[in-house]
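**Q** Structure below; questions to follow.
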Amino acid sequence: MTKLIFRGTGDSMGVPRVYCDCEVCAEARATNENRRLRSSLQIEDQDAGTIWIDCGPDFSKQLESADLRSVDTLLITHAHFDHIGGLVEWADACRWTKQKGKAFAPSEVIGEILDRFPWLSNHIDFQSFDQPIMLGKWRASSWRVNHGKNGYAYAFRFEHAEKSCNWVYCSDSIGLTVEMQQPLADLDLLVLGTSFYHEPFAYETRSVYDVLEAIELVKLWEPKRTILTHMSHDIDLRRGYDLPEQMEFARTGMSITI
Ligand SMILES: [Zn+2]
Ligand SMILES: [Zn+2]
């Protein structure tokens, strides 16, 4: 059995945004329904232990809410701050506990991380995730996706070795080419990043799908279930958005079994 727990469902700024007094940010401060930490996913697997996707600046808070002191395996989608800002703290924790951390990321992502923080490799063992790896009974593979004006990120596809069950984590992408969309075929679950409901800005200034585009993508690939994450303060979870059946917004701490 594998459990997925949404520890972070926010965009790069999180919700509330520190400078912002909009209705959603105000609500997040008051009652927490829209409070969103930077995107990350906890995967509890009976064979692989705790796998964690991305290590943003809220990593230590997220570990506290999971009541964990560390993770067994970290997967990293790309080297933007909202996805790696917690690595320095994790490396320090690994130093104190004398247990070297284990992180998988595509080689070019490892290169970018170590260019900026070369000392991390003293305490974290970065292994290349260019080829598929086995995590318990899950075969995990990575592929490069467009991240709009922010360059590129990677998405991950998980396929179970013994039963027919496939799912994808793709938090930071936009304008996927036909080729980049191929791993979205035959999915039981798609976890997709959508920062806004409808992002009105010029396409070349954007970096993540909006909800309306996600609906189009899902119509095409028909995953059995879609969960939207990486949401900005534009998304108000108190509102009904009339999402298609089998599509929902992730909520902080939400847990599902796959
Ligand atoms: Zn991001
Ligand atoms: Zn706001």
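Identifiers in the structure tokens: chain A, B, ... in order shown; residue index from 1 per chain; ligand index from 1 in order shown.
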Among the residues of region 183-229 of chain A, find those DSSP assigns to strand (DSSP E or B) from the backbone and print them as a list of chain:residue names.
**A**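 For region 183-229 of chain A, the strand (DSSP E or B) set is A:Leu189, A:Leu190, A:Val191, A:Leu192, A:Gly193, A:Thr226, A:Ile227, A:Leu228, A:Thr229.
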**Q** Return as an MDAnalysis selection string every polymer residue, whether protein, DNA or RNA, with at least one atom no more than 7 Å from an atom of ligand 2; count only C-alpha atoms and all ligand atoms.
**A** chainID A and resid 16:17 20:25 233
**Q** Limited to N, CA and C atoms, could you put the picked residues into a file as an mmCIF file, in the first residue's frame?
**A**
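To be explicit, this is the file written out as selection.cif:
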data_model
loop_
_atom_site.group_PDB
_atom_site.id
_atom_site.type_symbol
_atom_site.label_atom_id
_atom_site.label_comp_id
_atom_site.auth_asym_id
_atom_site.auth_seq_id
_atom_site.Cartn_x
_atom_site.Cartn_y
_atom_site.Cartn_z
ATOM 1 N N PRO A 16 -0.446 32.569 2.802
ATOM 2 C CA PRO A 16 -0.501 33.912 2.238
ATOM 3 C C PRO A 16 0.859 34.392 1.715
ATOM 4 N N ARG A 17 0.801 35.283 0.716
ATOM 5 C CA ARG A 17 2.018 35.957 0.270
ATOM 6 C C ARG A 17 2.325 37.055 1.290
ATOM 7 N N CYS A 20 0.828 40.583 0.755
ATOM 8 C CA CYS A 20 -0.489 40.664 0.126
ATOM 9 C C CYS A 20 -1.640 40.667 1.131
ATOM 10 N N ASP A 21 -2.597 41.529 0.868
ATOM 11 C CA ASP A 21 -3.801 41.611 1.699
ATOM 12 C C ASP A 21 -5.054 41.197 0.935
ATOM 13 N N CYS A 22 -4.897 40.427 -0.110
ATOM 14 C CA CYS A 22 -6.087 40.014 -0.862
ATOM 15 C C CYS A 22 -6.955 39.112 0.013
ATOM 16 N N GLU A 23 -8.154 38.839 -0.469
ATOM 17 C CA GLU A 23 -9.130 38.085 0.315
ATOM 18 C C GLU A 23 -8.621 36.682 0.681
ATOM 19 N N VAL A 24 -7.953 36.057 -0.286
ATOM 20 C CA VAL A 24 -7.494 34.676 -0.057
ATOM 21 C C VAL A 24 -6.351 34.666 0.961
ATOM 22 N N CYS A 25 -5.438 35.632 0.825
ATOM 23 C CA CYS A 25 -4.321 35.696 1.783
ATOM 24 C C CYS A 25 -4.854 36.024 3.182
ATOM 25 N N HIS A 233 -2.286 32.374 -4.605
ATOM 26 C CA HIS A 233 -3.400 33.010 -3.883
ATOM 27 C C HIS A 233 -4.594 33.330 -4.781
#
**Q** Find the residues near region 164-176 of chain A: any atom within 7 Å, counting only C-alpha atoms, skip ones fewer than 3 places away on the same chain, and give them as a compact mmCIF listing (two decimals) with C-alpha atoms, in the first residue's frame.
**A**
# COMPACT_ATOMS: atom_id res chain seq x y z
CA VAL A 145 9.04 19.41 -19.18
CA ASN A 146 8.62 23.05 -20.29
CA HIS A 147 8.46 25.45 -17.39
CA GLY A 148 7.70 28.51 -19.57
CA ALA A 153 11.58 21.26 -14.76
CA ALA A 155 8.06 15.41 -13.98
CA PHE A 156 7.98 11.90 -12.57
CA ARG A 157 5.98 8.86 -13.60
CA PHE A 158 5.50 5.90 -11.24
CA GLU A 159 4.48 2.45 -12.47
CA HIS A 160 3.79 -0.42 -10.13
CA MET A 180 6.23 15.66 -23.45
CA GLN A 181 2.60 14.64 -22.97
CA LEU A 187 -2.93 7.18 -15.62
CA ASP A 188 -4.79 6.28 -12.47
CA LEU A 189 -3.70 9.59 -10.97
CA LEU A 190 -2.26 12.84 -12.28
CA VAL A 191 -0.91 15.38 -9.80
CA LEU A 192 -0.59 18.59 -11.80
CA GLY A 193 0.55 22.09 -10.88
CA SER A 207 5.55 29.36 -16.18
CA VAL A 208 2.80 27.02 -14.91
CA TYR A 209 -0.50 25.80 -16.37
CA THR A 229 -1.33 21.45 -6.61
CA HIS A 230 1.21 24.36 -6.75
**Q** Of the candidates A:Trp221, A:Tyr154, A:Phe117, A:Trp52, which one gets nearest to ligand 1 if we count only C-alpha atoms and all ligand atoms?
**A** A:Tyr154
**Q** Identify, on the basis of only C-alpha atoms, every residue whose closest approach to Lys100 (chain A) does not exceed 9 Å; exclude the query and any residue fewer than 3 positions from it along the same chain; express the result as a compact mmCIF listing (two decimals) with N, CA and C atoms, in the first residue's frame.
**A**
# COMPACT_ATOMS: atom_id res chain seq x y z
N ALA A 91 20.67 19.16 4.85
CA ALA A 91 22.08 18.76 4.90
C ALA A 91 22.63 18.94 6.32
N CYS A 94 21.39 16.18 8.41
CA CYS A 94 22.14 14.95 8.10
C CYS A 94 23.52 14.98 8.77
N ARG A 95 24.11 16.17 8.82
CA ARG A 95 25.41 16.32 9.48
C ARG A 95 25.29 16.00 10.97
N THR A 97 22.96 14.25 12.53
CA THR A 97 22.55 12.86 12.83
C THR A 97 23.53 11.84 12.25
N ASN A 122 28.60 16.99 0.91
CA ASN A 122 29.24 16.40 2.10
C ASN A 122 28.23 15.59 2.91
N HIS A 123 26.97 15.99 2.85
CA HIS A 123 25.96 15.39 3.74
C HIS A 123 24.79 14.75 3.00
N ILE A 124 24.71 15.03 1.71
CA ILE A 124 23.64 14.44 0.90
C ILE A 124 24.29 13.73 -0.29
N ASP A 125 23.87 12.48 -0.49
CA ASP A 125 24.38 11.72 -1.62
C ASP A 125 23.42 11.93 -2.80
**Q** Rank nothing, just name the residue among A:Gly56, A:Pro106, A:Gly111, A:Pro200 nearest to Ile84 (chain A), using only C-alpha atoms.
**A**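 Nearest candidate to Ile84 (chain A) out of A:Gly56, A:Pro106, A:Gly111, A:Pro200: A:Gly56.
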**Q** Using only C-alpha atoms and all ligand atoms, what are the residues with an atom within 8 Å of ligand 1, set out as number ranges by chain?
**A** A: 11-12, 38-39, 80-83, 171-172, 230
**Q** Excluding Glu33 (chain A) and any residue of its chain fewer than 5 positions from it, enumerate the residues within 12 Å of it, using only C-alpha atoms, and give them as a PyMOL selection string.
**A** chain A and resi 9+15-16+24-28+233+235-239+250-254
**Q** Which value, in Å to one decimal, gives the distance between CA of Cys55 (chain A) and CA of Phe104 (chain A)?
**A**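 It comes out at 11.7 Å.
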**Q** Which residue, A:Lys163, A:Arg139, A:Arg206, A:His198, has the smallest gap to Gly151 (chain A) when you use only C-alpha atoms?
**A**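 Result for the nearest residue to Gly151 (chain A): A:Arg206.
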